[in-house]
Amino acid sequence: MMKENRLKFTIIAILIGLVIGAIILLAVGYNPLEAYGIMIAGVFGSPKYISWTIIKSTPLILTGISVAFAFKTGLFNIGAEGQFIIGALVATLAGYFLHLPPVLHAIVALLLACLAAALWGGFAGFLKSKFGVNEVITTIMLNWIAFYLSNFLVYWDKFKRPNSEASQKILSSASIAFPKEFGSSLGSFFNAPVNFGFIIAILVAFLIKYVLNDTTLGYELRAVGFNKDAAEYGGINVKKNTITAMMIAGAISGLAGAVHVLGVTNEISILSAMEGNGFDGMAVSLIGGNSPIGCIFAGLLFGALKYGGYKIQPIMGAPSEIINIVIGIIVFFIAMPKMIEGLTTIRSRRKRGGEVERSK
Amino acid sequence: MYAAPLIYTALGGVMTENSGVVNIGLEGMMTIGAFIGATVGYYSGNPWLAFLCAGLAGGVLALLHAVACVTFSADQVVSGIAMNFLGPGLSLFLSRVFFEGATMTKPIPLDQKMPRPLNGVFAQNSFLDLVFNQYATVYLAFLLVFIVWYILYKTKIGLRIRAVGEHPRAADTLGIDVYKVKYLAVILSGVFAGFGGAAMSLAAVSNFRATLISGQGFIALAAMIFGKWTPQGSMWACLLFGVAQGLVVYLGGTNIKVSSQLLAMIPYVLTLIILMSFVGKVTGPAANGVPYEKNKE
């Protein structure tokens, strides 16, 4: 019942977001139907668009799972952004400097990226359990340190591609893109850099769901998230679990960064501002009701909104930032199920009232 | 000085969190303040009007946050995240509408920026001139620290705000309108964050662009926690950030060969070290982040 309600609230929130977005578009003189039409066509209009949407969604699904996982264990992982950067950085380094046979190379790069990001996230967990420093501040600091560390390394002579604002490209043996021969038979779906990332993301979602619900570790982590003191009393080592939880959350965000590099960009660029993959992950996690499986759908929705949204700018000149507004409104309403509940009960009461009137 | 925008925003954080409402949406409120400040400044040519409008814009966004958090006992972190999407989203959207599709506002002419009240008092480029010849918003920031401190600790309304943040039910029993106090504190936090944004776009630089705020609201939030939820503590924390940033700019201008990227890390690394060694367990107001419902037992 709870779950059903939550899904209902989420859908209502999404609808409210789209409606208010339409009103705003209308207010500044654009036709909202046209805008949404372009978005839908931009996402479903051709197989290539669909595959781009999936590609765009993949890192968001993973950072979403990372944030959701931390939420379940009572931690707030603002650090997904930094862990993403570390994952992307390490994956690129491993992809460029290591020389290994094809499949193995990609796996090693992914694992190294996860490990580095796990340590990065785990450090925030360590600071929390050892020094009692709030993970919100430490992860914000770590985000910026990761940001500048990544830029620092991209500027390094041996790693920077001459005459560019980016690093060297990873070797093809580290790529996780689908092989080209495989794609040609399936048509234009593969005209985008389709890769194994999406499959990895789905596997991770189920793995995390399994860990959280069906293992001792998951039970302990959730217990800590639910009531720290009770968990401690019950003999659970809260400090150790805090570190473990942040490490796992870090690894998932790092994986997001690695998948993005090995599957799509093949390089990292000099960052001028935070790219927002981690912050978007927070929204994905919330829309997905903090459940790993929910994150898959929320990530796809988010990816579709973003990818489709960018198309309204060139075609009809309406600002594509409307998407951020819509997402903001969706999250805003998800934050207050009480209000949506209020709205629906008023409506059903009115309906009932109406029936009474009529029966008189 | 680089600390002023942070100080405004951190003071906003002090206000709202002392009343028991977490506001991680400060970033978004700062962004919209920066945008509205730059836009009104460009069209009106009056920096003070722009500054006020920026505060107003931040306040309006904060009002939404207050409605969600206070009236509908929403998850405050979630609503804050929503603010962080709405603030920049609205800013860039409106920027494209007002400035022919650009995500950058047109620069404000130099003579219409925030005035420097002490300009010309000291010899040019002397030490005193460099330190004290600041934009008016900088002085105002320090004044506001004092005002917020005075309000919080020396007036009835400040006592009420803190009471509501510590133990809302007890405050309620004493006849304090918990909701009203919370609304006031949250809206003020948005106003201050809006000022903070405008202190960026009207003084530190002279226009708004997409990357102008990027993360400063979060740093202000960190500074506030670092300053143990007090106005004066937050001010010192912001100054520390400001000094570290100033150092980066200063060292970048000298002949010392250090990577600017590594230098830029200094403030953040410093904060981590300080947090580890000095602060220890920081505890905020007892009822911070907990929605208060009047009729719930």
# chains A, B, ... in the order shown; residues from 1 in each chain; ligands from 1
call {"tool": "select_by_dssp", "arguments": {"residues": "stretch 82-252 of chain B", "states": "helix (DSSP H, G or I)", "output": "count of residues only"}}
result
122
call {"tool": "interface_residues", "arguments": {"of": "chain A", "to": "chain B", "cutoff": "6 Å", "atoms": "only C-alpha atoms", "output": "ChimeraX atom specification"}}
result
/A:131-132,137,141,145,148,152,319,321,324-325,328,331-332,335-336,338
call {"tool": "write_last_selection", "arguments": {"atoms": "N, CA and C atoms", "output": "short mmCIF file (atom, residue, chain, number, x, y, z; two decimals), in the first residue's frame"}}
result
data_model
loop_
_atom_site.label_atom_id
_atom_site.label_comp_id
_atom_site.auth_asym_id
_atom_site.auth_seq_id
_atom_site.Cartn_x
_atom_site.Cartn_y
_atom_site.Cartn_z
N PHE A 131 36.31 11.26 13.47
CA PHE A 131 36.37 12.61 14.04
C PHE A 131 34.99 13.22 14.24
N GLY A 132 33.96 12.53 13.82
CA GLY A 132 32.62 13.08 13.98
C GLY A 132 32.35 14.28 13.09
N ILE A 137 29.75 18.31 4.88
CA ILE A 137 30.86 19.24 4.61
C ILE A 137 32.02 18.51 3.95
N MET A 141 33.85 19.38 0.33
CA MET A 141 35.28 19.68 0.18
C MET A 141 35.95 18.69 -0.77
N ILE A 145 38.19 19.11 -4.22
CA ILE A 145 39.56 18.59 -4.30
C ILE A 145 39.66 17.66 -5.52
N TYR A 148 39.80 19.76 -8.78
CA TYR A 148 41.09 20.36 -9.12
C TYR A 148 42.16 19.31 -9.37
N PHE A 152 44.35 19.15 -12.62
CA PHE A 152 45.80 19.16 -12.46
C PHE A 152 46.43 18.06 -13.31
N PRO A 319 14.27 28.32 -24.20
CA PRO A 319 15.41 27.94 -23.37
C PRO A 319 15.30 26.50 -22.88
N GLU A 321 16.70 25.28 -20.48
CA GLU A 321 16.77 25.23 -19.02
C GLU A 321 15.40 24.96 -18.40
N ASN A 324 15.44 21.96 -16.28
CA ASN A 324 15.88 22.03 -14.89
C ASN A 324 14.76 22.53 -13.99
N ILE A 325 13.96 23.46 -14.52
CA ILE A 325 12.84 23.96 -13.74
C ILE A 325 11.84 22.83 -13.50
N GLY A 328 13.19 20.48 -11.01
CA GLY A 328 13.12 21.09 -9.69
C GLY A 328 11.72 20.99 -9.11
N VAL A 331 10.92 17.38 -8.03
CA VAL A 331 11.56 17.04 -6.76
C VAL A 331 10.87 17.77 -5.61
N PHE A 332 10.51 19.04 -5.87
CA PHE A 332 9.84 19.85 -4.86
C PHE A 332 8.56 19.17 -4.38
N ALA A 335 9.06 16.07 -2.42
CA ALA A 335 9.45 16.35 -1.04
C ALA A 335 8.24 16.44 -0.11
N MET A 336 7.09 16.77 -0.67
CA MET A 336 5.94 16.93 0.23
C MET A 336 4.76 16.07 -0.18
N LYS A 338 2.67 15.03 1.66
CA LYS A 338 1.49 15.49 2.39
C LYS A 338 0.61 16.41 1.56
#
call {"tool": "residues_around", "arguments": {"residues": "B:Phe99", "least_positions_apart": "6", "cutoff": "12 Å", "atoms": "only C-alpha atoms", "output": "PyMOL selection string"}}
result
(chain A and resi 319) or (chain B and resi 35+38-39+42-43+91-93+105-107+207-209)
call {"tool": "residues_around", "arguments": {"residues": "A:Ile55", "least_positions_apart": "6", "cutoff": "8 Å", "atoms": "only C-alpha atoms", "output": "mmCIF file with C-alpha atoms, in the first residue's frame"}}
result
data_model
loop_
_atom_site.group_PDB
_atom_site.id
_atom_site.type_symbol
_atom_site.label_atom_id
_atom_site.label_comp_id
_atom_site.auth_asym_id
_atom_site.auth_seq_id
_atom_site.Cartn_x
_atom_site.Cartn_y
_atom_site.Cartn_z
ATOM 1 C CA PRO A 193 28.271 5.171 -28.955
ATOM 2 C CA VAL A 194 26.258 2.308 -27.535
ATOM 3 C CA ASN A 195 28.134 0.519 -24.776
ATOM 4 C CA GLY A 197 27.400 0.729 -19.427
ATOM 5 C CA PHE A 198 23.621 0.436 -19.320
ATOM 6 C CA VAL A 264 31.283 7.414 -24.437
#
call {"tool": "atom_distance", "arguments": {"atom1": "atom CA of B:Gln232", "atom2": "atom CA of B:Ala141"}}
result
11.6 Å
call {"tool": "residues_around", "arguments": {"residues": "B:Arg116", "least_positions_apart": "4", "cutoff": "9 Å", "atoms": "only C-alpha atoms", "output": "list in words"}}
result
Asn133, Gln134, Tyr135, Ala136 and Thr137 of chain B
call {"tool": "residues_around", "arguments": {"residues": "A:Ala117", "least_positions_apart": "2", "cutoff": "7 Å", "atoms": "only C-alpha atoms", "output": "PyMOL selection string"}}
result
chain A and resi 83+86-87+113-115+119-121+250-251+254
call {"tool": "select_by_dssp", "arguments": {"residues": "stretch 76-226 of chain A", "states": "strand (DSSP E or B)", "output": "ChimeraX atom specification"}}
result
/A:160,166-167,177,195
call {"tool": "write_last_selection", "arguments": {"atoms": "C-alpha atoms", "output": "PDB file, in the first residue's frame"}}
result
ATOM      1  CA  LYS A 160      47.445  15.998 -21.905  1.00  0.00           C
ATOM      2  CA  ALA A 166      41.495  17.314 -22.838  1.00  0.00           C
ATOM      3  CA  SER A 167      43.502  14.284 -21.833  1.00  0.00           C
ATOM      4  CA  ALA A 177      31.586   0.229 -26.535  1.00  0.00           C
ATOM      5  CA  ASN A 195      28.134   0.519 -24.776  1.00  0.00           C
TER       6      ASN A 195
END
call {"tool": "atom_distance", "arguments": {"atom1": "atom CA of A:Ser269", "atom2": "atom CA of A:Phe97"}}
result
16.9 Å
call {"tool": "residues_around", "arguments": {"residues": "stretch 242-249 of chain B", "least_positions_apart": "2", "cutoff": "6 Å", "atoms": "only C-alpha atoms", "output": "list in words"}}
result
Tyr2, Ala3, Leu239, Leu240, Leu251, Gly252, Leu263 and Pro267 of chain B
call {"tool": "write_last_selection", "arguments": {"atoms": "N, CA and C atoms", "output": "PDB file, in the first residue's frame"}}
result
ATOM      1  N   TYR B   2      36.981  38.098  -1.152  1.00  0.00           N
ATOM      2  CA  TYR B   2      36.205  36.986  -1.673  1.00  0.00           C
ATOM      3  C   TYR B   2      35.213  36.446  -0.652  1.00  0.00           C
ATOM      4  N   ALA B   3      35.358  36.878   0.581  1.00  0.00           N
ATOM      5  CA  ALA B   3      34.551  36.262   1.636  1.00  0.00           C
ATOM      6  C   ALA B   3      33.132  36.817   1.697  1.00  0.00           C
ATOM      7  N   LEU B 239      35.893  33.897   6.219  1.00  0.00           N
ATOM      8  CA  LEU B 239      37.123  34.660   6.026  1.00  0.00           C
ATOM      9  C   LEU B 239      38.281  33.720   5.699  1.00  0.00           C
ATOM     10  N   LEU B 240      38.298  32.590   6.375  1.00  0.00           N
ATOM     11  CA  LEU B 240      39.356  31.622   6.103  1.00  0.00           C
ATOM     12  C   LEU B 240      39.331  31.216   4.631  1.00  0.00           C
ATOM     13  N   LEU B 251      49.444  34.203  -5.097  1.00  0.00           N
ATOM     14  CA  LEU B 251      50.553  33.340  -5.496  1.00  0.00           C
ATOM     15  C   LEU B 251      50.581  33.151  -7.003  1.00  0.00           C
ATOM     16  N   GLY B 252      49.396  33.123  -7.596  1.00  0.00           N
ATOM     17  CA  GLY B 252      49.322  32.978  -9.043  1.00  0.00           C
ATOM     18  C   GLY B 252      49.986  34.139  -9.760  1.00  0.00           C
ATOM     19  N   LEU B 263      47.017  24.939  -6.246  1.00  0.00           N
ATOM     20  CA  LEU B 263      46.760  26.060  -5.346  1.00  0.00           C
ATOM     21  C   LEU B 263      45.280  26.160  -5.019  1.00  0.00           C
ATOM     22  N   PRO B 267      42.170  25.847  -0.156  1.00  0.00           N
ATOM     23  CA  PRO B 267      41.101  26.142   0.814  1.00  0.00           C
ATOM     24  C   PRO B 267      40.378  24.893   1.290  1.00  0.00           C
TER      25      PRO B 267
END
call {"tool": "closest_residue", "arguments": {"among": "A:Cys295, A:Ala256, A:Leu305, A:Ile170", "to": "A:Gly82", "atoms": "only C-alpha atoms"}}
result
A:Ala256
call {"tool": "atom_distance", "arguments": {"atom1": "atom CA of B:Val22", "atom2": "atom CA of B:Thr155"}}
result
22.5 Å
call {"tool": "closest_residue", "arguments": {"among": "A:Pro101, A:Val108, A:His260, A:Tyr96", "to": "A:Arg161", "atoms": "only C-alpha atoms"}}
result
A:Tyr96
call {"tool": "closest_atom_pairs", "arguments": {"of": "stretch 258-350 of chain A", "to": "stretch 17-22 of chain A", "cutoff": "8 Å", "atoms": "only C-alpha atoms", "output": "CSV"}}
result
residue,atom,partner,partner_atom,distance
A:Ile322,CA,A:Gly21,CA,6.6
A:Ile323,CA,A:Gly21,CA,7.9
A:Ile325,CA,A:Gly21,CA,6.9
A:Val326,CA,A:Gly17,CA,4.9
A:Ile327,CA,A:Gly17,CA,6.8
A:Gly328,CA,A:Gly17,CA,7.9
A:Ile329,CA,A:Gly17,CA,5.1
A:Ile330,CA,A:Gly17,CA,4.9
call {"tool": "closest_residue", "arguments": {"among": "A:Lys56, A:Lys306, A:Arg222, A:Lys48", "to": "A:Ala245", "atoms": "only C-alpha atoms"}}
result
A:Arg222
call {"tool": "closest_residue", "arguments": {"among": "A:Ile140, A:Ala231, A:Leu153, A:Leu221", "to": "A:Ile208", "atoms": "only C-alpha atoms"}}
result
A:Leu221
